[in-house]
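Worksheet for the structure shown next.
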Amino acid sequence: MSRLRAENLVVTAGSRRLLEAVSVDLEPGALVGLIGPNGAGKSTLLRCLAGFRRPDQGVVTLDGVPLTDLPIRERGRRIGYLPQSFQPTWDYTIREIVELGASRRPGAALCIPEMLRDHELSDLAERRWSQVSGGERARALLAATLIAEPVILLADEPGASLDIGHRFDLMRRMRAYARHNIVVVILHDIERAALDCDRLLLLDRGAIVLDDAATTVAVASDLDRVFGLRFERGSLSETADAHLISKRAS
Amino acid sequence: MNPALRAATRLLPLLLLALVFGVSAGHDWAGPARLARAWEGGADLSTRLLLEWRLPRVLAAGIVGALLGLGGAIYQGVFRNPLAEPYLLGSAGGAAIGATVALLVPLGLPSSLILGGLSFAGAWGATLLVLAVAICAGARDAAGLLLAGVAVAAMLGAVRSFLMLALSDESVSLQVVLSWTLGGIQTPTWSGLAWLAGLSGLAAALSMTLAHGLDLLGLGDGQAEAFGLDTDRFVARAILIGSAIVALAVAYGGLVAFVGLTAPHIARWWIGPRHRGLLPVSAALGAILVMVCDGLARAALPPAEIPLGLVTAAAGGPFFLLLLRRRIRT
């Protein structure tokens, strides 16, 4: 079973500390949500976990091996990363995007038809990137990322530009992937985070304030303090219309 | 059928037509009868001239065009910009300094050898300098490389102008340098052509090793790295190979304008952005463009020969605009 571990990460930008001694231990089987206000350090932490950003102090290890010791090719095969926004320079077709994702794992090209089918992209395979909708693009990028079967999936607010239906669909797919893999996703929608995730990490000013089960974090007073809001708690169930209703703190 | 294969079936006859046009064109046009006599091995002087003078030049033009097409496709892939051209990173300025020295300083070596050698060294050396400056400045991204290219090109331009002023006198005309900068194919010997073909074959093989990385780079730096590409190292390798290809083209053809910009653009529009197909198609289009333009350069104003770079720019510009207009409409 894979294990991704960050120990005492410190990241600075000029005189500003983006991450302050952040430690986190991640294992497969739980969808982990990363929440916090803007500038809390969520994207920086995710980029460190992906190996894109080298921390000034501390280390990120995958199965005990520092990410900095892993060749980039190997890292690309084992860690999948979904960015907040993605716009290729050239107007690739959906199939070409998935093919490029498949190139990370030998033999993955054989799975392209199945992957396209699973992500409802078979009929769109020959369409160019500029000719498909935001939801179809998100599915294509997810397919291109997952086709190499990474043991870790890190997603930076992947549903930001999607309508609620497509966002729900994307979260459903990530939940399914999290059953056997490590999945960490940055979310701004606190209600969806509490409903969809098993575990939530609440970040504030570069530090992890809370790291607990989603149901526990959702009722914690730290949530109100960090966001400067007073949340009204409803029932924590999928059928509830809204279990967290935010109001101004003052 | 795969778009690249479909393009290849159309390009092969076009390449052949361009070759025949190039061999026919000149201040004395060779008609079908003379071409047929040459094909059958006729021994008269004009036929022998076609085979021993014009054919190697047309083949050299084709190879120079193919190199420019390849170089342009690599540079556009590296900088992820369809307006990038092969002379972007100082190679034009470096080559011009090499050529200025070769043409104006008596070095006691055969001029064909020294001109090619120094312009190659100047073109490649300038790009290596740009790469070194960008790496030392910690600016390895596309914008950093471009800025380093602009700075080095400005310095090289000043050095070249100084050399031209310092080295020319009544006995040495600057026109010969100016003419070189406008491009022109030297007629090579068969052994020279074999060298050019061999080196170009090697360059083409090396450029194909870049195809997958260029495709990944087209996804953007972040996503390319997420898909396992070491972007810093790959960009440096691609520039080293691309600039060697451009330097080779410059050594044999001077500064031929527009081909390295146009050929990859047309190729991408025709078969799509995947470099496994784009690189060879761009090379073939570059070869066709330069063979035809070199023929026109020889035939348009006989007995004078128009510099090749002027013809490629004059013919390529409107054609390019037409394509752009059609693309915008569709």
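Convention: chains lettered A, B, ... in structure tokens order; per-chain residue numbering from 1; ligands numbered from 1 as shown.
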Could the residues of chain B that have an atom at most 12 Å from chain A be listed as a Markdown table, each with its closest atom pair and the distance in Å to one decimal, counting only C-alpha atoms and ordered by chain and ascending residue number?
| residue | atom | partner | partner_atom | distance |
| --- | --- | --- | --- | --- |
| B:Gln76 | CA | A:Thr89 | CA | 10.6 |
| B:Gly77 | CA | A:Trp90 | CA | 9.2 |
| B:Val78 | CA | A:Thr89 | CA | 10.9 |
| B:Phe79 | CA | A:Thr89 | CA | 9.8 |
| B:Arg80 | CA | A:Thr89 | CA | 6.2 |
| B:Asn81 | CA | A:Thr89 | CA | 7.8 |
| B:Pro82 | CA | A:Trp90 | CA | 9.3 |
| B:Ala211 | CA | A:Leu100 | CA | 11.6 |
| B:His212 | CA | A:Leu100 | CA | 8.3 |
| B:Gly213 | CA | A:Leu100 | CA | 9.8 |
| B:Leu214 | CA | A:Trp90 | CA | 10.7 |
| B:Asp215 | CA | A:Leu100 | CA | 7.7 |
| B:Leu216 | CA | A:Leu100 | CA | 6.8 |
| B:Leu217 | CA | A:Thr89 | CA | 8.5 |
| B:Gly218 | CA | A:Thr89 | CA | 5.2 |
| B:Leu219 | CA | A:Pro88 | CA | 4.2 |
| B:Gly220 | CA | A:Pro88 | CA | 5.9 |
| B:Asp221 | CA | A:Pro88 | CA | 9.7 |
| B:Gly222 | CA | A:Phe52 | CA | 8.2 |
| B:Gln223 | CA | A:Pro83 | CA | 7.9 |
| B:Ala224 | CA | A:Gly76 | CA | 9.1 |
| B:Glu225 | CA | A:Gly76 | CA | 7.0 |
| B:Ala226 | CA | A:Gly76 | CA | 5.2 |
| B:Phe227 | CA | A:Gly76 | CA | 4.9 |
| B:Gly228 | CA | A:Arg73 | CA | 4.0 |
| B:Leu229 | CA | A:Arg73 | CA | 6.1 |
| B:Asp230 | CA | A:Ile72 | CA | 5.9 |
| B:Thr231 | CA | A:Ile72 | CA | 9.4 |
| B:Asp232 | CA | A:Ile72 | CA | 11.1 |
| B:Arg233 | CA | A:Ile72 | CA | 10.9 |
| B:Phe234 | CA | A:Ile72 | CA | 11.6 |
| B:His265 | CA | A:Trp90 | CA | 11.4 |
| B:Arg268 | CA | A:Trp90 | CA | 9.1 |
| B:Trp269 | CA | A:Asp91 | CA | 10.1 |
| B:Ile271 | CA | A:Tyr92 | CA | 11.0 |
| B:Gly272 | CA | A:Tyr92 | CA | 7.4 |
| B:Pro273 | CA | A:Trp90 | CA | 6.1 |
| B:Arg274 | CA | A:Tyr92 | CA | 7.8 |
| B:His275 | CA | A:Trp90 | CA | 10.9 |
Got time to write the residues from that selection, C-alpha atoms, as a CSV table (one decimal), in the first residue's frame?
chain,number,residue,atom,x,y,z
B,76,GLN,CA,7.7,26.6,-32.6
B,77,GLY,CA,7.3,23.5,-30.5
B,78,VAL,CA,9.8,24.6,-27.9
B,79,PHE,CA,8.4,28.1,-27.6
B,80,ARG,CA,4.8,26.9,-28.1
B,81,ASN,CA,4.3,29.8,-30.5
B,82,PRO,CA,3.3,29.5,-34.2
B,211,ALA,CA,8.7,14.5,-31.2
B,212,HIS,CA,7.1,13.0,-28.1
B,213,GLY,CA,8.6,15.7,-25.8
B,214,LEU,CA,7.4,18.5,-28.1
B,215,ASP,CA,3.9,17.0,-28.0
B,216,LEU,CA,4.0,17.0,-24.2
B,217,LEU,CA,5.4,20.5,-24.1
B,218,GLY,CA,2.4,21.6,-26.1
B,219,LEU,CA,0.2,20.8,-23.1
B,220,GLY,CA,2.0,23.6,-21.2
B,221,ASP,CA,5.0,23.4,-18.8
B,222,GLY,CA,3.0,22.3,-15.7
B,223,GLN,CA,1.0,19.5,-17.5
B,224,ALA,CA,4.1,18.4,-19.4
B,225,GLU,CA,5.9,17.9,-16.1
B,226,ALA,CA,2.9,16.2,-14.6
B,227,PHE,CA,3.1,13.8,-17.5
B,228,GLY,CA,6.7,13.0,-16.7
B,229,LEU,CA,8.7,15.4,-18.9
B,230,ASP,CA,11.8,17.0,-17.4
B,231,THR,CA,11.0,20.3,-19.2
B,232,ASP,CA,14.3,22.2,-18.4
B,233,ARG,CA,16.5,19.5,-19.7
B,234,PHE,CA,14.2,18.7,-22.7
B,265,HIS,CA,2.5,26.4,-39.8
B,268,ARG,CA,0.2,21.9,-38.5
B,269,TRP,CA,-2.8,23.3,-40.2
B,271,ILE,CA,-2.2,17.3,-40.4
B,272,GLY,CA,-2.6,18.6,-36.8
B,273,PRO,CA,-0.1,19.3,-34.0
B,274,ARG,CA,1.4,15.9,-33.3
B,275,HIS,CA,5.1,16.2,-34.0
### Task
Kindly indicate which residue among B:Thr181, B:Ser119, B:Ser243, B:Thr187 lies nearest to Asp294 of chain B, using only C-alpha atoms for the distances.
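Smallest separation from Asp294 of chain B among the options: B:Thr187.
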Item to complete: Tell me, as JSON, numbers by chain, which residues lie within 7 Å of Ala18 of chain B, counting only C-alpha atoms; anything in the same chain fewer than 5 positions away does not count.
Response: {"B": [288, 291, 292]}
Writer output for current selection, C-alpha atoms, as a PDB file, in the first residue's frame:
ATOM      1  CA  ILE B 288       9.322  22.044 -51.805  1.00  0.00           C
ATOM      2  CA  MET B 291      13.371  24.155 -54.462  1.00  0.00           C
ATOM      3  CA  VAL B 292      10.614  26.118 -56.202  1.00  0.00           C
TER       4      VAL B 292
END
request  = Could you check which of A:Val217, A:Val132, A:Val184, A:Ile147 is closest to Met115 of chain A, using only C-alpha atoms?
outcome  =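 Of A:Val217, A:Val132, A:Val184, A:Ile147, the one nearest Met115 of chain A is A:Ile147, counting only C-alpha atoms.
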Residues within 9 Å of Asp163 of chain A, please, as JSON, numbers by chain. Count only C-alpha atoms; anything in the same chain fewer than 4 positions from it doesn't count.
{"A": [134, 135, 159, 167, 168]}
Store the residues of this selection in a file with C-alpha atoms, as an mmCIF file, in the first residue's frame.
data_model
loop_
_atom_site.group_PDB
_atom_site.id
_atom_site.type_symbol
_atom_site.label_atom_id
_atom_site.label_comp_id
_atom_site.auth_asym_id
_atom_site.auth_seq_id
_atom_site.Cartn_x
_atom_site.Cartn_y
_atom_site.Cartn_z
ATOM 1 C CA GLY A 134 -15.762 22.643 -20.122
ATOM 2 C CA GLY A 135 -17.297 19.463 -18.679
ATOM 3 C CA GLY A 159 -14.428 21.529 -10.922
ATOM 4 C CA ARG A 167 -18.891 18.998 -10.631
ATOM 5 C CA PHE A 168 -20.923 16.283 -8.957
#
#### Entry: Residue neighbourhood Val23 of chain B, 12 Å, only C-alpha atoms, exclusion window fewer than 3 positions, as a PyMOL selection string
chain B and resi 16-20+26-32+34-36+38-39+47+49-62+291-296+298-299
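Across the structure, atom CA of Ala297 of chain B and atom CA of Gly69 of chain B are spaced 19.4 Å apart.
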Among the residues of segment 88-309 of chain B, find those DSSP assigns to alpha helix (DSSP H) from the backbone and print them as a count of residues only. 168
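When atom CA of Leu67 of chain A is paired with atom CA of Glu149 of chain A, their separation reads 18.1 Å.
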Against segment 85-93 of chain B, which residues of segment 226-282 of chain B fall within 12 Å? For each one I want the closest pair of atoms and the distance in Å (one decimal), counting only C-alpha atoms, rows by chain and increasing residue number, as JSON lines.
{"residue": "B:Ile239", "atom": "CA", "partner": "B:Leu89", "partner_atom": "CA", "distance": 9.0}
{"residue": "B:Leu240", "atom": "CA", "partner": "B:Leu89", "partner_atom": "CA", "distance": 10.9}
{"residue": "B:Ile241", "atom": "CA", "partner": "B:Pro86", "partner_atom": "CA", "distance": 11.6}
{"residue": "B:Gly242", "atom": "CA", "partner": "B:Pro86", "partner_atom": "CA", "distance": 7.9}
{"residue": "B:Ser243", "atom": "CA", "partner": "B:Ser91", "partner_atom": "CA", "distance": 7.3}
{"residue": "B:Ala244", "atom": "CA", "partner": "B:Ser91", "partner_atom": "CA", "distance": 9.6}
{"residue": "B:Ile245", "atom": "CA", "partner": "B:Pro86", "partner_atom": "CA", "distance": 9.2}
{"residue": "B:Val246", "atom": "CA", "partner": "B:Pro86", "partner_atom": "CA", "distance": 6.4}
{"residue": "B:Ala247", "atom": "CA", "partner": "B:Ser91", "partner_atom": "CA", "distance": 7.0}
{"residue": "B:Leu248", "atom": "CA", "partner": "B:Ser91", "partner_atom": "CA", "distance": 10.8}
{"residue": "B:Ala249", "atom": "CA", "partner": "B:Pro86", "partner_atom": "CA", "distance": 10.2}
{"residue": "B:Val250", "atom": "CA", "partner": "B:Ala92", "partner_atom": "CA", "distance": 8.2}
{"residue": "B:Ala251", "atom": "CA", "partner": "B:Ala92", "partner_atom": "CA", "distance": 10.8}
{"residue": "B:Gly253", "atom": "CA", "partner": "B:Ala92", "partner_atom": "CA", "distance": 12.0}
{"residue": "B:Gly254", "atom": "CA", "partner": "B:Ala92", "partner_atom": "CA", "distance": 9.0}
{"residue": "B:Leu255", "atom": "CA", "partner": "B:Ala92", "partner_atom": "CA", "distance": 6.8}
{"residue": "B:Val256", "atom": "CA", "partner": "B:Ala92", "partner_atom": "CA", "distance": 9.9}
{"residue": "B:Ala257", "atom": "CA", "partner": "B:Tyr87", "partner_atom": "CA", "distance": 9.2}
{"residue": "B:Phe258", "atom": "CA", "partner": "B:Glu85", "partner_atom": "CA", "distance": 7.9}
{"residue": "B:Val259", "atom": "CA", "partner": "B:Glu85", "partner_atom": "CA", "distance": 8.7}
{"residue": "B:Gly260", "atom": "CA", "partner": "B:Glu85", "partner_atom": "CA", "distance": 5.7}
{"residue": "B:Leu261", "atom": "CA", "partner": "B:Glu85", "partner_atom": "CA", "distance": 4.9}
{"residue": "B:Thr262", "atom": "CA", "partner": "B:Glu85", "partner_atom": "CA", "distance": 8.7}
{"residue": "B:Ala263", "atom": "CA", "partner": "B:Glu85", "partner_atom": "CA", "distance": 10.2}
{"residue": "B:Pro264", "atom": "CA", "partner": "B:Glu85", "partner_atom": "CA", "distance": 9.5}
{"residue": "B:His265", "atom": "CA", "partner": "B:Glu85", "partner_atom": "CA", "distance": 10.3}
The distance between atom CA of Val133 of chain B and atom CA of Ala148 of chain B is 6.5 Å
Residue contacts of Arg95 of chain A (12 Å, only C-alpha atoms) excluding same-chain residues fewer than 5 positions away, as a PyMOL selection string
(chain A and resi 100-102+109+111-117+119+121-129+137+139-141+143-144+147) or (chain B and resi 274)
How would the residues just picked look written out with N, CA and C atoms as a compact mmCIF listing (two decimals), in the first residue's frame?
# COMPACT_ATOMS: atom_id res chain seq x y z
N LEU A 100 -1.41 11.11 -24.96
CA LEU A 100 -0.23 11.69 -24.29
C LEU A 100 -0.19 11.29 -22.82
N GLY A 101 -1.36 11.23 -22.19
CA GLY A 101 -1.41 10.76 -20.81
C GLY A 101 -1.00 9.29 -20.71
N ALA A 102 -1.41 8.51 -21.71
CA ALA A 102 -1.12 7.07 -21.70
C ALA A 102 0.36 6.79 -21.90
N ALA A 109 -1.61 2.45 -23.67
CA ALA A 109 -2.26 2.83 -24.93
C ALA A 109 -3.37 1.85 -25.29
N CYS A 111 -5.47 0.65 -23.38
CA CYS A 111 -6.68 0.93 -22.58
C CYS A 111 -7.42 2.18 -23.07
N ILE A 112 -6.88 2.84 -24.12
CA ILE A 112 -7.49 4.13 -24.53
C ILE A 112 -8.98 3.98 -24.88
N PRO A 113 -9.38 2.99 -25.71
CA PRO A 113 -10.82 2.89 -26.03
C PRO A 113 -11.68 2.71 -24.79
N GLU A 114 -11.20 1.87 -23.86
CA GLU A 114 -11.96 1.61 -22.64
C GLU A 114 -12.05 2.89 -21.79
N MET A 115 -10.94 3.60 -21.69
CA MET A 115 -10.91 4.83 -20.90
C MET A 115 -11.85 5.88 -21.50
N LEU A 116 -11.82 5.99 -22.84
CA LEU A 116 -12.71 6.95 -23.50
C LEU A 116 -14.17 6.58 -23.22
N ARG A 117 -14.46 5.29 -23.26
CA ARG A 117 -15.84 4.83 -23.02
C ARG A 117 -16.25 5.13 -21.58
N HIS A 119 -15.29 7.35 -19.60
CA HIS A 119 -15.46 8.77 -19.32
C HIS A 119 -16.40 9.45 -20.33
N LEU A 121 -16.44 9.61 -23.55
CA LEU A 121 -15.73 10.45 -24.52
C LEU A 121 -15.59 9.78 -25.88
N SER A 122 -16.14 8.56 -26.03
CA SER A 122 -15.92 7.81 -27.28
C SER A 122 -16.38 8.60 -28.51
N ASP A 123 -17.55 9.24 -28.38
CA ASP A 123 -18.08 9.97 -29.55
C ASP A 123 -17.36 11.29 -29.79
N LEU A 124 -16.59 11.72 -28.79
CA LEU A 124 -15.91 13.03 -28.91
C LEU A 124 -14.42 12.86 -29.21
N ALA A 125 -13.98 11.60 -29.36
CA ALA A 125 -12.53 11.33 -29.41
C ALA A 125 -11.80 12.13 -30.48
N GLU A 126 -12.42 12.31 -31.63
CA GLU A 126 -11.72 13.02 -32.73
C GLU A 126 -11.99 14.52 -32.72
N ARG A 127 -12.79 14.99 -31.76
CA ARG A 127 -13.03 16.45 -31.68
C ARG A 127 -11.81 17.14 -31.09
N ARG A 128 -11.57 18.36 -31.56
CA ARG A 128 -10.44 19.12 -31.05
C ARG A 128 -10.82 19.81 -29.74
N TRP A 129 -9.80 20.13 -28.95
CA TRP A 129 -9.97 20.73 -27.63
C TRP A 129 -10.87 21.96 -27.69
N ARG A 137 -13.99 18.70 -21.35
CA ARG A 137 -12.54 18.90 -21.15
C ARG A 137 -12.09 18.32 -19.82
N ARG A 139 -13.46 15.92 -18.14
CA ARG A 139 -13.47 14.45 -18.22
C ARG A 139 -12.27 13.95 -19.01
N ALA A 140 -11.92 14.68 -20.09
CA ALA A 140 -10.78 14.27 -20.92
C ALA A 140 -9.48 14.33 -20.14
N LEU A 141 -9.32 15.41 -19.36
CA LEU A 141 -8.07 15.55 -18.60
C LEU A 141 -8.01 14.49 -17.48
N ALA A 143 -9.40 11.53 -17.68
CA ALA A 143 -9.09 10.26 -18.37
C ALA A 143 -7.60 10.20 -18.69
N ALA A 144 -7.03 11.32 -19.19
CA ALA A 144 -5.60 11.34 -19.54
C ALA A 144 -4.72 11.15 -18.30
N ILE A 147 -5.36 7.27 -16.89
CA ILE A 147 -5.03 6.13 -17.75
C ILE A 147 -3.68 5.51 -17.39
N ARG B 274 0.51 16.93 -33.77
CA ARG B 274 1.41 15.89 -33.26
C ARG B 274 2.71 15.89 -34.06
